[in-house]
Amino acid sequence: MKREFNRTDRIADQLQRELAVLINQELKDPRLGMVTVTAVDVTRELEHAKVFVTVMGTAEPDIGSNLAVLNKAAGFLRRELGRRLRLRTVPALHFQYDESIVRGVRLSNLIDQAVAEDKARHHDD
């Protein structure tokens with residue numbers, strides 16, 4: 001019988017919660033916008049973790065600078081995670097932009113536009 005959650009999933013969830021708190025409360029870089037940790041993907045060996053983030057209220061060029069700040073602070077964040085979590089090894093953090101929210105909003109707007117055009121077309125008939 002397969003278990004519902006394996007160890008890497010539980011660790012990824014815990015890393016996501018802790019990183020959200022650490023980024024918002026401990027990082028004081030003025031270049032950093034409102035960062036939300038949307039997901040964490042941990043390798044089986046727990047050596048690497050891809051941290052997917054979104055940055056609220058910023059333009060496309062600001063995303064690159066926010067990712068640069070986060071990747072530069074990865075060592076600090078890893079050390080703080082080591083202090084907070086009971087893990088033998090804390091995975092190396094690699095921050096990536098998660099564009100799924102932006103893509104979802106864009107698709108939702110396209111659907112709304114298509115529905116409005118369809119209603120207007122049927123209303124004219």
# chains A, B, ... in the order shown; residues from 1 in each chain; ligands from 1
$ select_by_dssp --residues "segment 21-122 of chain A" --states "strand (DSSP E or B)" --output "number ranges by chain"
A: 34-42, 48-56, 92-97
$ residues_around --residues "Thr89 of chain A" --least-positions-apart "5" --cutoff "9 Å" --atoms "only C-alpha atoms" --output "ChimeraX atom specification"
/A:46-47,82
$ atom_distance --atom1 "atom CA of Arg86 of chain A" --atom2 "atom CA of Phe52 of chain A"
22.5 Å
$ closest_residue --among "A:Thr8, A:Gln113, A:Thr36, A:Asn71" --to "Val21 of chain A" --atoms "only C-alpha atoms"
A:Thr36
$ select_by_dssp --residues "chain A" --states "alpha helix (DSSP H)" --output "PyMOL selection string"
chain A and resi 7-26+60-72+74-84+100-124
$ atom_distance --atom1 "atom CA of Arg79 of chain A" --atom2 "atom CA of Ser100 of chain A"
28.9 Å
$ closest_residue --among "A:Arg78, A:Arg121, A:His48, A:Lys72" --to "Leu22 of chain A" --atoms "only C-alpha atoms"
A:Arg78
$ decode --residues "segment 84-120 of chain A" --atoms "N, CA and C atoms" --output "tab-separated table (two decimals), in the first residue's frame"
chain	number	residue	atom	x	y	z
A	84	ARG	N	16.37	26.08	12.19
A	84	ARG	CA	14.96	25.90	12.53
A	84	ARG	C	14.45	24.47	12.35
A	85	LEU	N	15.03	23.74	11.41
A	85	LEU	CA	14.54	22.41	11.09
A	85	LEU	C	15.48	21.34	11.60
A	86	ARG	N	14.92	20.18	11.85
A	86	ARG	CA	15.74	19.05	12.32
A	86	ARG	C	16.03	18.13	11.14
A	87	LEU	N	16.97	18.57	10.32
A	87	LEU	CA	17.38	17.79	9.16
A	87	LEU	C	18.88	17.55	9.23
A	88	ARG	N	19.29	16.40	8.77
A	88	ARG	CA	20.72	16.11	8.74
A	88	ARG	C	21.43	17.03	7.76
A	89	THR	N	20.85	17.19	6.58
A	89	THR	CA	21.38	18.13	5.60
A	89	THR	C	20.23	18.99	5.08
A	90	VAL	N	20.50	20.26	4.93
A	90	VAL	CA	19.52	21.18	4.36
A	90	VAL	C	19.86	21.33	2.88
A	91	PRO	N	18.86	21.17	2.02
A	91	PRO	CA	19.16	21.24	0.58
A	91	PRO	C	19.62	22.63	0.14
A	92	ALA	N	20.43	22.65	-0.91
A	92	ALA	CA	20.84	23.91	-1.52
A	92	ALA	C	19.61	24.52	-2.21
A	93	LEU	N	19.43	25.83	-2.05
A	93	LEU	CA	18.24	26.49	-2.54
A	93	LEU	C	18.51	27.14	-3.90
A	94	HIS	N	17.59	26.91	-4.84
A	94	HIS	CA	17.68	27.49	-6.17
A	94	HIS	C	16.33	28.15	-6.45
A	95	PHE	N	16.31	29.47	-6.53
A	95	PHE	CA	15.06	30.22	-6.70
A	95	PHE	C	14.74	30.37	-8.18
A	96	GLN	N	13.44	30.14	-8.50
A	96	GLN	CA	12.96	30.28	-9.87
A	96	GLN	C	11.63	31.01	-9.84
A	97	TYR	N	11.39	31.77	-10.89
A	97	TYR	CA	10.13	32.51	-10.99
A	97	TYR	C	9.02	31.56	-11.42
A	98	ASP	N	7.89	31.63	-10.74
A	98	ASP	CA	6.72	30.80	-11.05
A	98	ASP	C	5.72	31.67	-11.80
A	99	GLU	N	5.62	31.44	-13.08
A	99	GLU	CA	4.73	32.28	-13.87
A	99	GLU	C	3.33	31.67	-14.02
A	100	SER	N	3.00	30.66	-13.26
A	100	SER	CA	1.69	30.02	-13.39
A	100	SER	C	0.56	30.96	-13.00
A	101	ILE	N	0.76	31.82	-12.03
A	101	ILE	CA	-0.29	32.75	-11.62
A	101	ILE	C	-0.54	33.78	-12.71
A	102	VAL	N	0.53	34.33	-13.27
A	102	VAL	CA	0.39	35.31	-14.35
A	102	VAL	C	-0.27	34.66	-15.55
A	103	ARG	N	0.15	33.43	-15.87
A	103	ARG	CA	-0.44	32.71	-16.99
A	103	ARG	C	-1.93	32.43	-16.74
A	104	GLY	N	-2.29	32.09	-15.51
A	104	GLY	CA	-3.68	31.84	-15.15
A	104	GLY	C	-4.54	33.08	-15.29
A	105	VAL	N	-4.01	34.22	-14.86
A	105	VAL	CA	-4.75	35.48	-14.99
A	105	VAL	C	-4.94	35.82	-16.46
A	106	ARG	N	-3.89	35.62	-17.27
A	106	ARG	CA	-3.98	35.90	-18.70
A	106	ARG	C	-5.04	35.01	-19.36
A	107	LEU	N	-5.05	33.72	-19.03
A	107	LEU	CA	-6.04	32.80	-19.59
A	107	LEU	C	-7.45	33.16	-19.14
A	108	SER	N	-7.60	33.54	-17.89
A	108	SER	CA	-8.90	33.94	-17.37
A	108	SER	C	-9.43	35.17	-18.10
A	109	ASN	N	-8.55	36.13	-18.36
A	109	ASN	CA	-8.95	37.32	-19.11
A	109	ASN	C	-9.35	36.98	-20.54
A	110	LEU	N	-8.62	36.05	-21.17
A	110	LEU	CA	-8.97	35.63	-22.52
A	110	LEU	C	-10.33	34.94	-22.55
A	111	ILE	N	-10.60	34.11	-21.55
A	111	ILE	CA	-11.90	33.43	-21.47
A	111	ILE	C	-13.01	34.44	-21.27
A	112	ASP	N	-12.81	35.38	-20.36
A	112	ASP	CA	-13.82	36.43	-20.13
A	112	ASP	C	-14.09	37.24	-21.40
A	113	GLN	N	-13.03	37.55	-22.13
A	113	GLN	CA	-13.16	38.31	-23.37
A	113	GLN	C	-13.94	37.50	-24.41
A	114	ALA	N	-13.64	36.21	-24.53
A	114	ALA	CA	-14.33	35.36	-25.49
A	114	ALA	C	-15.81	35.22	-25.14
A	115	VAL	N	-16.12	35.08	-23.86
A	115	VAL	CA	-17.51	34.97	-23.42
A	115	VAL	C	-18.25	36.28	-23.72
A	116	ALA	N	-17.62	37.41	-23.45
A	116	ALA	CA	-18.26	38.70	-23.71
A	116	ALA	C	-18.52	38.89	-25.20
A	117	GLU	N	-17.55	38.51	-26.05
A	117	GLU	CA	-17.74	38.62	-27.50
A	117	GLU	C	-18.84	37.68	-27.98
A	118	ASP	N	-18.91	36.49	-27.41
A	118	ASP	CA	-19.95	35.53	-27.78
A	118	ASP	C	-21.34	36.05	-27.39
A	119	LYS	N	-21.46	36.64	-26.20
A	119	LYS	CA	-22.73	37.21	-25.77
A	119	LYS	C	-23.14	38.36	-26.67
A	120	ALA	N	-22.17	39.20	-27.04
A	120	ALA	CA	-22.46	40.33	-27.90
A	120	ALA	C	-22.90	39.86	-29.28
